[in-house]
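Q: My structure is in structure.cif, and what it holds is mmCIF, C-alpha atoms:
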data_start
#
loop_
_atom_site.label_atom_id
_atom_site.label_comp_id
_atom_site.auth_asym_id
_atom_site.auth_seq_id
_atom_site.Cartn_x
_atom_site.Cartn_y
_atom_site.Cartn_z
CA MET A 1043 127.08 221.16 -63.26
CA PRO A 1044 128.74 224.63 -63.26
CA THR A 1045 131.88 225.28 -65.28
CA THR A 1046 135.00 225.08 -63.12
CA ALA A 1047 137.89 227.41 -63.86
CA LYS A 1048 141.18 225.71 -64.68
CA LEU A 1049 143.49 228.71 -64.99
CA SER A 1050 143.76 231.98 -63.07
CA HIS A 1051 145.19 235.11 -64.71
CA ASP A 1052 145.93 237.87 -62.17
CA VAL A 1053 147.20 241.23 -63.40
CA TYR A 1054 148.44 244.11 -61.25
CA PHE A 1055 148.67 247.58 -62.82
CA ALA A 1056 150.81 250.44 -61.52
CA LEU A 1057 149.50 253.72 -62.93
CA LYS A 1058 151.10 257.03 -63.87
CA ASP A 1059 147.87 258.80 -62.94
CA SER A 1060 146.67 256.84 -59.92
CA SER A 1061 143.90 259.28 -59.01
CA PRO A 1062 140.62 257.69 -57.94
CA GLU A 1063 139.09 258.77 -61.26
CA ALA A 1064 141.83 257.17 -63.36
CA SER A 1065 141.84 254.00 -61.24
CA HIS A 1066 138.07 253.59 -61.46
CA LYS A 1067 138.20 254.23 -65.22
CA LEU A 1068 140.61 251.31 -65.63
CA VAL A 1069 138.42 249.08 -63.46
CA ALA A 1070 135.40 249.98 -65.61
CA GLU A 1071 137.40 249.23 -68.79
CA CYS A 1072 138.30 245.78 -67.41
CA TYR A 1073 134.63 244.92 -66.99
CA SER A 1074 133.37 246.48 -70.22
CA LYS A 1075 136.08 245.19 -72.56
CA LEU A 1076 137.24 241.89 -71.06
CA GLY A 1077 134.32 240.24 -69.28
CA GLY A 1078 132.57 239.02 -72.41
CA ILE A 1079 135.51 237.25 -74.03
CA ASP A 1080 134.74 233.59 -74.71
CA GLY A 1081 136.21 231.19 -72.18
CA VAL A 1082 136.13 233.61 -69.23
CA VAL A 1083 134.45 231.86 -66.30
CA PHE A 1084 134.82 234.75 -63.83
CA LEU A 1085 136.25 238.27 -63.95
CA ALA A 1086 136.75 240.80 -61.16
CA ALA A 1087 138.68 244.07 -61.03
CA GLY A 1088 139.26 246.60 -58.29
CA THR A 1089 141.56 249.06 -56.61
CA ARG A 1090 144.14 248.37 -53.93
CA ASP A 1091 142.87 248.85 -50.39
CA ALA A 1092 145.17 251.60 -49.08
CA GLU A 1093 144.33 250.77 -45.46
CA LEU A 1094 145.87 247.29 -45.69
CA THR A 1095 149.51 248.05 -44.90
CA ARG A 1096 150.88 244.96 -43.17
CA ASP A 1097 154.45 243.99 -44.06
CA VAL A 1098 153.12 241.19 -46.27
CA ASN A 1099 150.85 243.49 -48.31
CA ASP A 1100 152.26 244.35 -51.73
CA ARG A 1101 151.50 248.04 -52.29
CA ASP A 1102 153.26 248.50 -55.65
CA TYR A 1103 150.08 248.56 -57.74
CA HIS A 1104 146.85 250.55 -58.02
CA VAL A 1105 144.40 248.29 -59.89
CA SER A 1106 144.08 244.51 -59.99
CA LEU A 1107 142.36 242.28 -62.52
CA HIS A 1108 141.44 238.65 -61.84
CA VAL A 1109 140.29 236.43 -64.69
CA PHE A 1110 139.47 232.74 -64.38
CA PHE A 1111 139.41 230.70 -67.58
CA ARG A 1112 137.77 227.36 -68.32
CA ASP A 1113 141.11 226.01 -69.56
CA ARG A 1114 144.53 226.93 -70.93
CA ALA A 1115 143.21 227.14 -74.49
CA ALA A 1116 140.68 229.80 -73.44
CA HIS A 1117 143.51 231.78 -71.82
CA ASP A 1118 145.60 231.55 -74.99
CA THR A 1119 142.66 232.68 -77.15
CA TYR A 1120 141.97 235.60 -74.76
CA GLN A 1121 145.50 236.92 -75.20
CA ASP A 1122 144.87 237.58 -78.92
CA ALA A 1123 141.16 238.46 -78.68
CA PRO A 1124 140.38 241.80 -80.35
CA ALA A 1125 138.70 243.12 -77.17
CA HIS A 1126 141.82 242.31 -75.11
CA LEU A 1127 144.12 243.98 -77.63
CA GLN A 1128 141.83 247.03 -77.74
CA PHE A 1129 141.87 247.18 -73.92
CA ILE A 1130 145.68 247.21 -73.92
CA GLU A 1131 145.90 249.86 -76.64
CA ALA A 1132 143.35 252.12 -74.95
CA ASN A 1133 144.95 251.98 -71.50
CA LYS A 1134 148.69 251.24 -71.77
CA ASP A 1135 149.77 254.89 -71.86
CA ASN A 1136 148.80 255.23 -68.18
CA TRP A 1137 150.71 252.12 -67.04
CA THR A 1138 154.11 252.37 -65.37
CA GLY A 1139 154.18 248.65 -64.71
CA VAL A 1140 152.14 245.51 -65.27
CA ARG A 1141 152.73 242.27 -63.39
CA VAL A 1142 151.01 239.06 -64.43
CA PHE A 1143 150.57 235.91 -62.35
CA ASP A 1144 149.14 232.88 -64.17
CA SER A 1145 148.25 229.79 -62.14
CA ASN A 1146 146.89 226.35 -62.90
CA LEU A 1147 143.99 225.72 -60.57
CA GLY A 1148 143.77 222.36 -58.85
CA GLN A 1149 140.88 219.96 -58.99
CA ARG A 1150 138.69 219.39 -55.93
#
Once you've parsed the file, please lay out its structure as C-alpha cells.

A:
Amino acid sequence: MPTTAKLSHDVYFALKDSSPEASHKLVAECYSKLGGIDGVVFLAAGTRDAELTRDVNDRDYHVSLHVFFRDRAAHDTYQDAPAHLQFIEANKDNWTGVRVFDSNLGQR
C-alpha cells in the first residue's frame, strides 16, 4: 500500500530578482536540496503562470513549493533538517516575502 501524505506544506516566494533565470534557479534548489529529506512523500516546485489573471488568482508570488509529508512529525523534523536550513541560507537574500500554508490532509 502506498504511503499517504498527512500534511501539506505550501510555500509561496516573492523574489527581489524575479527574472526567469532567478525563478528557475530557486525551483531547481527546491528539488535538489529539499526532495530527499526523510518523511517527504511528494515535492513539487514551479513558477507562477503569468497568463492566469482571474480575480481569484493570487499574483503576489513568483515561485511556489508544495511538500507533502507522511505525518506531522516528519514536517517538524524537516523544519530543522540541515538541507532545509542550507536551502534557506542559500536563497533568503532574494526573497521579499514568504508565505506558508500548512494543512492537515483528510483521510479517504

Q: Looking at all atoms listed in the file, which of A:Ala1115, A:Leu1057, A:Leu1094, A:Leu1076 is the one that sits closest to A:Gln1128?

A: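 With all atoms listed in the file as the atom set, the closest residue is A:Leu1076.
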
Q: Considering all atoms listed in the file, state which residue in the set A:His1066, A:Arg1101, A:His1117, A:His1126 is at the smallest distance from A:Thr1089.

A: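 Closest candidate: A:His1066.
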
Q: Name the closest residue to A:His1104 among the candidates A:Ala1116, A:Ala1092, A:Leu1085, A:Ala1125; distances are taken between atoms, counting all atoms listed in the file.

A: A:Ala1092

Q: Determine the residue set returned by the PyMOL selection byres ((chain A and resi 1050) around 6) for the present structure, and present it as a count of residues only.

A: 6

Q: Work out how far atom CA of A:Val1053 is from atom CA of A:Gly1081, in Å to one decimal.

A: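 Distance between the two atoms: 17.3 Å.
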
Q: Would you mind completing stretch 1082-1109 of chain A to N, CA and C atoms and writing the output as a PDB file, in the frame of the given file?

A:
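Saved as part-v2.pdb:
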ATOM      1  N   VAL A1082     136.014 233.011 -70.559  1.00  0.00           N
ATOM      2  CA  VAL A1082     136.130 233.610 -69.230  1.00  0.00           C
ATOM      3  C   VAL A1082     135.020 233.048 -68.357  1.00  0.00           C
ATOM      4  N   VAL A1083     135.401 232.430 -67.248  1.00  0.00           N
ATOM      5  CA  VAL A1083     134.450 231.860 -66.300  1.00  0.00           C
ATOM      6  C   VAL A1083     134.070 232.908 -65.254  1.00  0.00           C
ATOM      7  N   PHE A1084     135.034 233.741 -64.864  1.00  0.00           N
ATOM      8  CA  PHE A1084     134.820 234.750 -63.830  1.00  0.00           C
ATOM      9  C   PHE A1084     135.818 235.874 -64.049  1.00  0.00           C
ATOM     10  N   LEU A1085     135.367 237.111 -63.847  1.00  0.00           N
ATOM     11  CA  LEU A1085     136.250 238.270 -63.950  1.00  0.00           C
ATOM     12  C   LEU A1085     135.901 239.233 -62.826  1.00  0.00           C
ATOM     13  N   ALA A1086     136.930 239.761 -62.170  1.00  0.00           N
ATOM     14  CA  ALA A1086     136.750 240.800 -61.160  1.00  0.00           C
ATOM     15  C   ALA A1086     137.924 241.765 -61.272  1.00  0.00           C
ATOM     16  N   ALA A1087     137.640 243.040 -61.020  1.00  0.00           N
ATOM     17  CA  ALA A1087     138.680 244.070 -61.030  1.00  0.00           C
ATOM     18  C   ALA A1087     138.391 245.040 -59.906  1.00  0.00           C
ATOM     19  N   GLY A1088     139.451 245.639 -59.367  1.00  0.00           N
ATOM     20  CA  GLY A1088     139.260 246.600 -58.290  1.00  0.00           C
ATOM     21  C   GLY A1088     140.533 247.347 -57.974  1.00  0.00           C
ATOM     22  N   THR A1089     140.424 248.248 -57.021  1.00  0.00           N
ATOM     23  CA  THR A1089     141.560 249.060 -56.610  1.00  0.00           C
ATOM     24  C   THR A1089     142.166 248.510 -55.326  1.00  0.00           C
ATOM     25  N   ARG A1090     143.441 248.803 -55.136  1.00  0.00           N
ATOM     26  CA  ARG A1090     144.140 248.370 -53.930  1.00  0.00           C
ATOM     27  C   ARG A1090     143.536 249.044 -52.713  1.00  0.00           C
ATOM     28  N   ASP A1091     143.383 248.300 -51.641  1.00  0.00           N
ATOM     29  CA  ASP A1091     142.870 248.850 -50.390  1.00  0.00           C
ATOM     30  C   ASP A1091     144.027 249.512 -49.651  1.00  0.00           C
ATOM     31  N   ALA A1092     144.059 250.835 -49.662  1.00  0.00           N
ATOM     32  CA  ALA A1092     145.170 251.600 -49.080  1.00  0.00           C
ATOM     33  C   ALA A1092     145.299 251.428 -47.579  1.00  0.00           C
ATOM     34  N   GLU A1093     144.275 250.951 -46.916  1.00  0.00           N
ATOM     35  CA  GLU A1093     144.330 250.770 -45.460  1.00  0.00           C
ATOM     36  C   GLU A1093     145.000 249.460 -45.059  1.00  0.00           C
ATOM     37  N   LEU A1094     145.201 248.563 -45.996  1.00  0.00           N
ATOM     38  CA  LEU A1094     145.870 247.290 -45.690  1.00  0.00           C
ATOM     39  C   LEU A1094     147.372 247.484 -45.901  1.00  0.00           C
ATOM     40  N   THR A1095     148.097 247.676 -44.813  1.00  0.00           N
ATOM     41  CA  THR A1095     149.510 248.050 -44.900  1.00  0.00           C
ATOM     42  C   THR A1095     150.422 247.131 -44.081  1.00  0.00           C
ATOM     43  N   ARG A1096     150.005 245.892 -43.878  1.00  0.00           N
ATOM     44  CA  ARG A1096     150.880 244.960 -43.170  1.00  0.00           C
ATOM     45  C   ARG A1096     152.145 244.727 -43.993  1.00  0.00           C
ATOM     46  N   ASP A1097     153.191 244.245 -43.354  1.00  0.00           N
ATOM     47  CA  ASP A1097     154.450 243.990 -44.060  1.00  0.00           C
ATOM     48  C   ASP A1097     154.278 243.055 -45.250  1.00  0.00           C
ATOM     49  N   VAL A1098     153.313 242.153 -45.185  1.00  0.00           N
ATOM     50  CA  VAL A1098     153.120 241.190 -46.270  1.00  0.00           C
ATOM     51  C   VAL A1098     152.289 241.745 -47.424  1.00  0.00           C
ATOM     52  N   ASN A1099     151.665 242.902 -47.247  1.00  0.00           N
ATOM     53  CA  ASN A1099     150.850 243.490 -48.310  1.00  0.00           C
ATOM     54  C   ASN A1099     151.723 244.161 -49.361  1.00  0.00           C
ATOM     55  N   ASP A1100     151.579 243.720 -50.599  1.00  0.00           N
ATOM     56  CA  ASP A1100     152.260 244.350 -51.730  1.00  0.00           C
ATOM     57  C   ASP A1100     151.478 245.625 -52.057  1.00  0.00           C
ATOM     58  N   ARG A1101     152.164 246.758 -52.043  1.00  0.00           N
ATOM     59  CA  ARG A1101     151.500 248.040 -52.290  1.00  0.00           C
ATOM     60  C   ARG A1101     152.039 248.716 -53.554  1.00  0.00           C
ATOM     61  N   ASP A1102     152.656 247.949 -54.426  1.00  0.00           N
ATOM     62  CA  ASP A1102     153.260 248.500 -55.650  1.00  0.00           C
ATOM     63  C   ASP A1102     152.333 248.417 -56.858  1.00  0.00           C
ATOM     64  N   TYR A1103     151.041 248.567 -56.631  1.00  0.00           N
ATOM     65  CA  TYR A1103     150.080 248.560 -57.740  1.00  0.00           C
ATOM     66  C   TYR A1103     148.878 249.418 -57.320  1.00  0.00           C
ATOM     67  N   HIS A1104     148.043 249.742 -58.291  1.00  0.00           N
ATOM     68  CA  HIS A1104     146.850 250.550 -58.020  1.00  0.00           C
ATOM     69  C   HIS A1104     145.556 249.819 -58.361  1.00  0.00           C
ATOM     70  N   VAL A1105     145.590 249.005 -59.430  1.00  0.00           N
ATOM     71  CA  VAL A1105     144.400 248.290 -59.890  1.00  0.00           C
ATOM     72  C   VAL A1105     144.769 246.827 -60.122  1.00  0.00           C
ATOM     73  N   SER A1106     143.870 245.936 -59.724  1.00  0.00           N
ATOM     74  CA  SER A1106     144.080 244.510 -59.990  1.00  0.00           C
ATOM     75  C   SER A1106     142.950 243.964 -60.841  1.00  0.00           C
ATOM     76  N   LEU A1107     143.309 242.983 -61.648  1.00  0.00           N
ATOM     77  CA  LEU A1107     142.360 242.280 -62.520  1.00  0.00           C
ATOM     78  C   LEU A1107     142.534 240.787 -62.280  1.00  0.00           C
ATOM     79  N   HIS A1108     141.417 240.093 -62.102  1.00  0.00           N
ATOM     80  CA  HIS A1108     141.440 238.650 -61.840  1.00  0.00           C
ATOM     81  C   HIS A1108     140.502 237.974 -62.831  1.00  0.00           C
ATOM     82  N   VAL A1109     141.069 237.117 -63.671  1.00  0.00           N
ATOM     83  CA  VAL A1109     140.290 236.430 -64.690  1.00  0.00           C
ATOM     84  C   VAL A1109     140.506 234.931 -64.524  1.00  0.00           C
TER      85      VAL A1109
END
